[in-house]
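The structure file run_13.cif is reproduced below (mmCIF, C-alpha atoms and all ligand atoms).
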```cif
data_protein
loop_
_atom_site.label_atom_id
_atom_site.label_comp_id
_atom_site.auth_asym_id
_atom_site.auth_seq_id
_atom_site.Cartn_x
_atom_site.Cartn_y
_atom_site.Cartn_z
CA MET H 4 100.87 75.82 95.18
CA SER H 5 99.78 76.59 98.64
CA LYS H 6 101.71 78.73 101.10
CA VAL H 7 101.97 78.00 104.79
CA LEU H 8 101.98 80.48 107.65
CA VAL H 9 104.69 79.66 110.17
CA LEU H 10 104.02 80.66 113.77
CA ASN H 11 106.70 81.08 116.37
CA ALA H 12 106.46 78.94 119.50
CA SER H 13 104.71 81.95 121.03
CA TYR H 14 101.98 81.72 118.33
CA GLU H 15 103.13 84.97 116.73
CA PRO H 16 103.36 84.84 112.94
CA LEU H 17 106.96 84.37 111.90
CA ASN H 18 107.06 83.93 108.15
CA ILE H 19 105.39 82.43 105.12
CA THR H 20 106.88 79.34 103.59
CA SER H 21 106.17 76.77 100.91
CA TRP H 22 104.15 73.68 101.78
CA ARG H 23 107.16 71.51 100.96
CA ARG H 24 109.35 73.30 103.47
CA ALA H 25 106.53 73.15 106.02
CA ILE H 26 106.26 69.40 105.60
CA VAL H 27 110.00 69.00 106.10
CA LEU H 28 109.72 70.94 109.37
CA LEU H 29 106.83 68.72 110.47
CA LEU H 30 108.59 65.49 109.54
CA LYS H 31 111.74 66.56 111.35
CA GLY H 32 109.67 67.29 114.43
CA LYS H 33 110.68 70.96 114.41
CA ALA H 34 107.13 72.15 114.05
CA GLU H 35 103.61 71.02 114.77
CA GLN H 36 100.59 71.34 112.55
CA VAL H 37 98.06 73.92 113.67
CA GLU H 38 95.71 74.12 110.67
CA HIS H 39 95.35 72.08 107.52
CA ASN H 40 93.04 72.27 104.55
CA GLY H 41 91.95 68.64 104.53
CA LYS H 42 93.68 67.78 101.27
CA CYS H 43 96.27 65.06 101.60
CA VAL H 44 99.70 65.37 100.07
CA TYR H 45 100.69 61.89 101.15
CA SER H 46 98.38 59.32 102.64
CA ASP H 47 97.35 60.37 106.13
CA PHE H 48 99.26 63.62 105.77
CA PRO H 49 96.94 66.60 105.30
CA LEU H 50 98.39 69.66 103.64
CA PRO H 51 99.27 72.16 106.37
CA THR H 52 98.19 75.80 106.10
CA VAL H 53 99.48 76.94 109.51
CA ILE H 54 102.31 75.36 111.49
CA ARG H 55 103.98 76.32 114.76
CA LEU H 56 107.63 75.94 115.64
CA ARG H 57 108.40 73.95 118.76
CA HIS H 58 111.25 76.27 119.74
CA TYR H 59 111.11 80.03 119.90
CA VAL H 60 113.31 81.85 117.38
CA ARG H 61 114.32 85.49 117.35
CA VAL H 62 113.99 87.22 114.01
CA PRO H 63 115.70 90.29 112.61
CA TYR H 64 113.61 93.03 111.07
CA LYS H 65 113.00 92.56 107.35
CA GLU H 66 112.74 95.52 105.00
CA ILE H 67 109.66 95.73 102.80
CA PRO H 68 110.66 96.49 99.20
CA LEU H 69 109.38 99.81 97.88
CA THR H 70 107.40 98.62 94.86
CA ARG H 71 104.28 99.81 93.09
CA ARG H 72 102.40 96.73 94.24
CA ASN H 73 103.39 97.26 97.86
CA ILE H 74 102.48 100.94 97.84
CA LEU H 75 99.06 100.13 96.36
CA HIS H 76 98.58 97.53 99.06
CA ARG H 77 99.58 99.93 101.85
CA ASP H 78 97.08 102.46 100.49
CA SER H 79 94.32 99.83 100.12
CA HIS H 80 94.25 100.46 96.36
CA SER H 81 92.64 103.86 96.83
CA CYS H 82 93.58 107.36 95.79
CA GLN H 83 95.01 109.10 98.84
CA TYR H 84 93.65 112.45 97.71
CA CYS H 85 90.04 111.66 96.83
CA GLY H 86 89.45 108.09 97.94
CA TYR H 87 88.78 106.73 94.45
CA THR H 88 89.26 102.99 94.09
CA GLY H 89 89.46 101.47 90.65
CA ASP H 90 91.79 100.57 87.86
CA ASP H 91 93.26 103.93 86.95
CA LEU H 92 95.66 104.25 89.83
CA THR H 93 99.09 105.80 89.59
CA LEU H 94 101.85 106.62 92.02
CA ASP H 95 102.32 110.23 93.00
CA HIS H 96 105.38 111.84 94.55
CA VAL H 97 103.95 114.01 97.34
CA ILE H 98 106.87 116.41 96.99
CA PRO H 99 107.54 116.18 93.24
CA ARG H 100 110.87 114.74 92.22
CA SER H 101 111.70 117.91 90.32
CA ARG H 102 111.34 119.76 93.63
CA GLY H 103 113.67 117.49 95.54
CA GLY H 104 111.19 114.82 96.62
CA ASP H 105 112.66 111.36 96.94
CA ASP H 106 111.56 107.80 96.30
CA SER H 107 110.48 106.70 99.75
CA TRP H 108 107.51 105.27 101.63
CA GLU H 109 106.95 108.73 103.08
CA ASN H 110 106.91 110.50 99.72
CA ILE H 111 105.01 108.19 97.38
CA VAL H 112 101.26 107.66 97.55
CA THR H 113 98.59 106.05 95.43
CA ALA H 114 96.70 108.61 93.35
CA CYS H 115 94.07 108.33 90.66
CA VAL H 116 94.94 109.71 87.24
CA ARG H 117 92.66 112.73 87.73
CA CYS H 118 94.25 113.76 91.02
CA ASN H 119 97.73 113.11 89.71
CA VAL H 120 97.16 115.34 86.70
CA LYS H 121 95.39 118.00 88.76
CA LYS H 122 98.19 118.11 91.32
CA GLY H 123 100.84 118.28 88.65
CA ASN H 124 104.18 119.60 89.74
CA ARG H 125 102.97 121.03 93.03
CA THR H 126 103.06 120.08 96.69
CA PRO H 127 99.73 119.09 98.31
CA LYS H 128 99.65 122.47 100.02
CA GLU H 129 100.19 124.44 96.81
CA ALA H 130 97.60 122.32 95.03
CA ASN H 131 95.22 122.56 97.99
CA MET H 132 94.97 118.78 98.00
CA PRO H 133 95.70 117.69 101.56
CA LEU H 134 96.40 114.03 102.29
CA ASP H 135 94.04 112.35 104.73
CA TYR H 136 96.90 110.38 106.22
CA PRO H 137 100.60 111.10 106.03
CA PRO H 138 102.18 108.19 104.13
CA ARG H 139 104.26 105.91 106.33
CA LYS H 140 106.56 103.01 106.01
CA PRO H 141 104.73 99.81 106.96
CA HIS H 142 106.17 98.67 110.28
CA SER H 143 106.13 94.90 109.97
CA GLY H 144 107.20 93.11 106.83
CA LEU H 145 105.51 89.91 107.81
CA TYR H 146 102.25 91.56 108.79
CA PHE H 147 102.31 93.29 105.41
CA GLU H 148 102.83 90.01 103.52
CA VAL H 149 100.16 88.19 105.48
CA THR H 150 97.52 90.87 104.95
CA LYS H 151 98.34 90.83 101.24
CA HIS H 152 97.70 87.09 101.05
CA VAL H 153 94.48 87.30 103.03
CA LYS H 154 93.13 90.29 101.10
CA ASN H 155 93.84 88.52 97.83
CA GLY H 156 91.38 85.89 98.94
CA GLY H 157 93.63 83.09 100.12
CA HIS H 158 94.10 81.57 103.53
CA GLN H 159 91.21 82.99 105.51
CA GLU H 160 92.23 80.72 108.39
CA TRP H 161 95.37 82.85 108.80
CA ARG H 162 93.25 85.72 110.07
CA LYS H 163 92.95 84.44 113.59
CA TYR H 164 96.72 84.48 114.03
CA VAL H 165 97.27 88.02 112.84
CA ILE H 166 95.83 90.88 114.84
CA GLY H 167 94.08 93.65 112.98
CA ILE H 168 93.28 92.15 109.57
ZN ZN C 1 91.94 110.89 93.24
#
```

Any chance you could give the structure as structure tokens?
Amino acid sequence: MSKVLVLNASYEPLNITSWRRAIVLLLKGKAEQVEHNGKCVYSDFPLPTVIRLRHYVRVPYKEIPLTRRNILHRDSHSCQYCGYTGDDLTLDHVIPRSRGGDDSWENIVTACVRCNVKKGNRTPKEANMPLDYPPRKPHSGLYFEVTKHVKNGGHQEWRKYVIGI
């Protein structure tokens, strides 16, 4: 069921929550409804899609898990060597593991099967396959989650609250 974007009192995106939790926050008066999708959960109670907290909260930084799905999302589902987008995408260790490369945001990129095979057990320099952009750790966990939701086709109304999507 539908997810709800929670904004801080400052209108900055804070987290993503379930619609049930969002309704509890609204009923308790801890948040106000900013956007809804017109569907009613209860009579006269439209299902919220964006809510805003009445009081500002400070949030600690949240780590983004290093997963295949998240790396593909960071790389916009495209091969970082040739730009290919399609189904045959793999993960490539920039510095191969056998050469001391680690599992990290900075050392794993999306690569198509062809590039992965061609590069083999070499560094980009040895293989003469430079990366267009050095791979980086995404800086905001929430921003990352929100863009993932929006790019997967849901919640277009979230766009106006998140800069740069
Ligand atoms: Zn490629």

Could you make a table, as CSV, of the residues of chain H that have an atom within 10 Å of an atom of ligand ZN 1 (chain C), each with its nearest atom pair and distance in Å to one decimal, counting all atoms listed in the file, in chain and number order?
```
residue,atom,partner,partner_atom,distance
H:Ser81,CA,C:ZN1,ZN,7.9
H:Cys82,CA,C:ZN1,ZN,4.7
H:Gln83,CA,C:ZN1,ZN,6.6
H:Tyr84,CA,C:ZN1,ZN,5.0
H:Cys85,CA,C:ZN1,ZN,4.1
H:Gly86,CA,C:ZN1,ZN,6.0
H:Tyr87,CA,C:ZN1,ZN,5.4
H:Thr88,CA,C:ZN1,ZN,8.4
H:Asp91,CA,C:ZN1,ZN,9.5
H:Leu92,CA,C:ZN1,ZN,8.3
H:Thr93,CA,C:ZN1,ZN,9.5
H:Thr113,CA,C:ZN1,ZN,8.5
H:Ala114,CA,C:ZN1,ZN,5.3
H:Cys115,CA,C:ZN1,ZN,4.2
H:Val116,CA,C:ZN1,ZN,6.8
H:Arg117,CA,C:ZN1,ZN,5.9
H:Cys118,CA,C:ZN1,ZN,4.3
H:Asn119,CA,C:ZN1,ZN,7.1
H:Val120,CA,C:ZN1,ZN,9.5
H:Lys121,CA,C:ZN1,ZN,9.1
H:Lys122,CA,C:ZN1,ZN,9.7
H:Met132,CA,C:ZN1,ZN,9.7
```

Checklist entry - Between H:Val60, H:Leu134, H:Leu145, H:Val112, which has the minimum distance to Thr20 in chain H (counting all atoms listed in the file)? => result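 Going through H:Val60, H:Leu134, H:Leu145, H:Val112 one by one, the smallest distance to Thr20 in chain H is for H:Leu145.
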
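With CA of Tyr164 in chain H on one side and CA of Leu69 in chain H on the other, the separation reads 25.6 Å.
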
Item to check | Test item: which residues lie within 9 Å of (93.7, 68.7, 112.1) counting all atoms listed in the file, as a ChimeraX atom specification | outcome: /H:36-41,49,51

Checklist entry - So which one's closest to Val9 in chain H, H:Ala130, H:Ile54, H:Leu94, H:Cys43? Using all atoms listed in the file, please. => result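 Of the candidates, the smallest distance to Val9 in chain H is held by H:Ile54.
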
Next on the checklist: One decimal, in Å: what's the spacing between CA of Thr150 in chain H and CA of Ser13 in chain H?
Outcome noted: 19.7 Å

Checklist entry - For Arg100 in chain H, which residue out of H:His76, H:Lys31, H:Arg125, H:Lys140 is the nearest one, using only C-alpha atoms? => result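 Going through H:His76, H:Lys31, H:Arg125, H:Lys140 one by one, the smallest distance to Arg100 in chain H is for H:Arg125.
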
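From CA of Trp22 in chain H back to CA of Leu50 in chain H, the distance works out to 7.3 Å.
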
Next on the checklist: Counting all atoms listed in the file, find residues at most 12 Å from (109.7, 75.2, 112.4) (file frame) and give them as number ranges by chain.
Outcome noted: H: 7-12, 14, 16-20, 24-37, 53-60

Would you compute, for all listed atoms of range 134-147 of chain H, the axis-aligned bounding box grown by 3 Å on each side, and then report its centre and edge lengths in Å rounded to one decimal, as JSON?
```
{"center_x": 100.6, "center_y": 102.0, "center_z": 106.3, "size_x": 19.2, "size_y": 30.1, "size_z": 14.0}
```

Item to check | Test item: residues at most 9 Å from Val165 in chain H, all atoms listed in the file, excluding those fewer than 2 positions along its chain, as a ChimeraX atom specification | outcome: /H:15-16,146,149-150,161-163,167-168

Please supply range 55-86 of chain H, rebuilt with N, CA and C atoms, as a CSV table (one decimal), in the frame of the given file.
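Below you can see selection02.csv, which holds the result:
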```csv
chain,number,residue,atom,x,y,z
H,55,ARG,N,103.4,75.6,113.6
H,55,ARG,CA,104.0,76.3,114.8
H,55,ARG,C,105.3,75.7,115.1
H,56,LEU,N,106.3,76.5,115.3
H,56,LEU,CA,107.6,75.9,115.6
H,56,LEU,C,107.6,75.5,117.1
H,57,ARG,N,108.3,74.4,117.4
H,57,ARG,CA,108.4,74.0,118.8
H,57,ARG,C,109.3,74.8,119.6
H,58,HIS,N,110.3,75.4,119.0
H,58,HIS,CA,111.2,76.3,119.7
H,58,HIS,C,111.2,77.7,119.3
H,59,TYR,N,111.2,78.6,120.2
H,59,TYR,CA,111.1,80.0,119.9
H,59,TYR,C,112.4,80.5,119.2
H,60,VAL,N,112.2,81.3,118.1
H,60,VAL,CA,113.3,81.8,117.4
H,60,VAL,C,113.2,83.4,117.4
H,61,ARG,N,114.3,84.0,117.4
H,61,ARG,CA,114.3,85.5,117.4
H,61,ARG,C,114.6,85.9,115.9
H,62,VAL,N,113.8,86.9,115.4
H,62,VAL,CA,114.0,87.2,114.0
H,62,VAL,C,114.4,88.7,113.8
H,63,PRO,N,115.3,88.9,112.9
H,63,PRO,CA,115.7,90.3,112.6
H,63,PRO,C,114.6,91.0,111.8
H,64,TYR,N,114.6,92.3,111.8
H,64,TYR,CA,113.6,93.0,111.1
H,64,TYR,C,113.9,92.9,109.6
H,65,LYS,N,112.8,92.7,108.8
H,65,LYS,CA,113.0,92.6,107.4
H,65,LYS,C,112.4,93.8,106.6
H,66,GLU,N,113.2,94.3,105.8
H,66,GLU,CA,112.7,95.5,105.0
H,66,GLU,C,111.7,95.1,104.0
H,67,ILE,N,110.7,96.0,103.8
H,67,ILE,CA,109.7,95.7,102.8
H,67,ILE,C,110.1,96.5,101.5
H,68,PRO,N,110.2,95.8,100.4
H,68,PRO,CA,110.7,96.5,99.2
H,68,PRO,C,109.6,97.6,98.8
H,69,LEU,N,110.2,98.7,98.3
H,69,LEU,CA,109.4,99.8,97.9
H,69,LEU,C,109.0,99.5,96.4
H,70,THR,N,107.9,98.9,96.2
H,70,THR,CA,107.4,98.6,94.9
H,70,THR,C,106.0,99.2,94.7
H,71,ARG,N,105.6,99.3,93.4
H,71,ARG,CA,104.3,99.8,93.1
H,71,ARG,C,103.2,99.0,93.8
H,72,ARG,N,103.4,97.6,93.7
H,72,ARG,CA,102.4,96.7,94.2
H,72,ARG,C,102.3,96.9,95.8
H,73,ASN,N,103.4,97.1,96.4
H,73,ASN,CA,103.4,97.3,97.9
H,73,ASN,C,102.8,98.6,98.3
H,74,ILE,N,103.1,99.6,97.5
H,74,ILE,CA,102.5,100.9,97.8
H,74,ILE,C,101.0,100.9,97.7
H,75,LEU,N,100.5,100.3,96.6
H,75,LEU,CA,99.1,100.1,96.4
H,75,LEU,C,98.4,99.4,97.5
H,76,HIS,N,99.1,98.3,98.0
H,76,HIS,CA,98.6,97.5,99.1
H,76,HIS,C,98.5,98.4,100.3
H,77,ARG,N,99.6,99.1,100.6
H,77,ARG,CA,99.6,99.9,101.8
H,77,ARG,C,98.4,100.9,101.8
H,78,ASP,N,98.1,101.5,100.6
H,78,ASP,CA,97.1,102.5,100.5
H,78,ASP,C,95.7,101.8,100.2
H,79,SER,N,95.6,100.5,100.4
H,79,SER,CA,94.3,99.8,100.1
H,79,SER,C,93.8,100.1,98.7
H,80,HIS,N,94.6,100.2,97.8
H,80,HIS,CA,94.2,100.5,96.4
H,80,HIS,C,93.2,101.6,96.2
H,81,SER,N,93.5,102.7,96.9
H,81,SER,CA,92.6,103.9,96.8
H,81,SER,C,93.5,105.1,96.7
H,82,CYS,N,92.9,106.1,96.0
H,82,CYS,CA,93.6,107.4,95.8
H,82,CYS,C,93.7,108.1,97.1
H,83,GLN,N,94.8,108.5,97.5
H,83,GLN,CA,95.0,109.1,98.8
H,83,GLN,C,94.6,110.6,98.9
H,84,TYR,N,94.2,111.1,97.7
H,84,TYR,CA,93.6,112.4,97.7
H,84,TYR,C,92.1,112.5,97.7
H,85,CYS,N,91.5,111.6,96.9
H,85,CYS,CA,90.0,111.7,96.8
H,85,CYS,C,89.3,110.4,97.2
H,86,GLY,N,90.1,109.3,97.5
H,86,GLY,CA,89.4,108.1,97.9
H,86,GLY,C,89.0,107.2,96.8
```
